[in-house]
Amino acid sequence: MLKHLVYLFLSFCALSSAAHAADRYIFDKDHTHIIFFVSHIGFSDTIGRIREFDGYFTFDEKEPEKSAIDVTLNPASVATDVAALDKILLSDKFFNIEKFPSIQFKSSQVLVTGKQMGDVIGNLTLLGVTRPVVLHIKYNKSGIHPFTNNYVSGFSADADLKRSDFGMNAYIPDVGDNVHVHIEAEGIDPLKHPGNSKAPH
């Protein structure tokens, strides 16, 4: 009898924990953009994108501090709209894609800093070096997408990092050391609503 009661109690705890777990979202890659800005000799900022990535995020609308991010980026997909520059960025002077074919960001903590605002603290691994990075997040909204019928949550994010912290030192200071990253992200929660992937978006 005691064993039966213990089993029921543990089952209840597991179900309760699952019920309060943050929802897991898949990225809507057509509406998620990872953009970076780097000073070009002080005249202007060079703008680039990382077009290919994989991963997920979890998000709890009532308790956002339970949320998390785990994303792997493909540096071979870097694009600036200047072919010659892209070739240099892929070389061992910058992203060194032959030796380091991926970049990873994994969160360790989420802090609510204001109304619909928060900081995602995590570790970025670039060129084999791992350093802490903070994403300053703005939560835009959640709801049913009017065209796709998917349940969507959307965010904007900004971060600043020094590329020299990761051993990427080429052409500093003419090419800026500080890299500003801006992200626009939409995620789909497939469990909240089945959606209709064939609908226009």
# chains A, B, ... in the order shown; residues from 1 in each chain; ligands from 1
>>> residues_around(residues="Lys93 of chain A", least_positions_apart="2", cutoff="10 Å", atoms="only C-alpha atoms", output="ChimeraX atom specification")
/A:88-91,95-96,167-171
>>> residues_around(residues="His136 of chain A", least_positions_apart="2", cutoff="6 Å", atoms="only C-alpha atoms", output="PyMOL selection string")
chain A and resi 119+157-158
>>> write_last_selection(atoms="all heavy atoms", output="compact mmCIF listing (two decimals), in the first residue's frame")
# COMPACT_ATOMS: atom_id res chain seq x y z
N ASP A 119 16.51 39.85 -19.99
CA ASP A 119 17.88 39.51 -20.38
C ASP A 119 18.02 38.00 -20.40
O ASP A 119 17.67 37.32 -19.43
CB ASP A 119 18.89 40.10 -19.40
CG ASP A 119 19.07 41.60 -19.57
OD1 ASP A 119 18.64 42.14 -20.61
OD2 ASP A 119 19.66 42.23 -18.67
N ALA A 157 15.75 41.11 -30.27
CA ALA A 157 16.86 40.98 -29.32
C ALA A 157 18.08 41.72 -29.83
O ALA A 157 18.29 41.84 -31.04
CB ALA A 157 17.19 39.50 -29.09
N ASP A 158 18.89 42.19 -28.90
CA ASP A 158 20.15 42.86 -29.22
C ASP A 158 21.24 42.39 -28.27
O ASP A 158 20.98 42.10 -27.09
CB ASP A 158 20.00 44.38 -29.11
CG ASP A 158 19.13 44.96 -30.21
OD1 ASP A 158 19.65 45.19 -31.31
OD2 ASP A 158 17.93 45.16 -29.96
>>> select_by_dssp(residues="segment 3-201 of chain A", states="strand (DSSP E or B)", output="ChimeraX atom specification")
/A:23-27,33-40,44-50,53-59,68-73,78-79,103-114,117-126,129-144,150-162,175-188,194
>>> select_by_dssp(residues="segment 59-181 of chain A", states="alpha helix (DSSP H)", output="number ranges by chain")
A: 83-90
>>> closest_residue(among="A:Leu161, A:Ile144, A:Ala83, A:Ala68", to="Arg131 of chain A", atoms="only C-alpha atoms")
A:Leu161
>>> residues_around(residues="Val71 of chain A", least_positions_apart="6", cutoff="6 Å", atoms="only C-alpha atoms", output="PDB file with N, CA and C atoms, in the first residue's frame")
ATOM      1  N   ASP A  54      19.866  26.307 -36.539  1.00  0.00           N
ATOM      2  CA  ASP A  54      18.936  25.307 -36.037  1.00  0.00           C
ATOM      3  C   ASP A  54      18.854  25.430 -34.534  1.00  0.00           C
ATOM      4  N   GLY A  55      17.788  24.888 -33.977  1.00  0.00           N
ATOM      5  CA  GLY A  55      17.631  24.929 -32.538  1.00  0.00           C
ATOM      6  C   GLY A  55      16.193  25.167 -32.146  1.00  0.00           C
ATOM      7  N   GLN A 104      27.605  28.221 -31.431  1.00  0.00           N
ATOM      8  CA  GLN A 104      26.474  27.838 -30.589  1.00  0.00           C
ATOM      9  C   GLN A 104      26.215  28.874 -29.510  1.00  0.00           C
ATOM     10  N   PHE A 105      24.928  29.117 -29.267  1.00  0.00           N
ATOM     11  CA  PHE A 105      24.513  29.909 -28.115  1.00  0.00           C
ATOM     12  C   PHE A 105      23.531  29.085 -27.303  1.00  0.00           C
TER      13      PHE A 105
END
>>> closest_residue(among="A:Val175, A:Ala159, A:Val134, A:Val110", to="Asp60 of chain A", atoms="only C-alpha atoms")
A:Val110
>>> closest_residue(among="A:Ala185, A:Ala22, A:Ile172, A:Leu124", to="Asn140 of chain A", atoms="only C-alpha atoms")
A:Ala185
>>> atom_distance(atom1="atom CA of Leu127 of chain A", atom2="atom CA of Phe166 of chain A")
6.4 Å
>>> closest_residue(among="A:Glu52, A:Glu61, A:Asp177, A:Asp81", to="Val38 of chain A", atoms="only C-alpha atoms")
A:Asp177
>>> residues_around(residues="Ser108 of chain A", least_positions_apart="2", cutoff="9 Å", atoms="only C-alpha atoms", output="PyMOL selection string")
chain A and resi 68-69+106+110+120-123
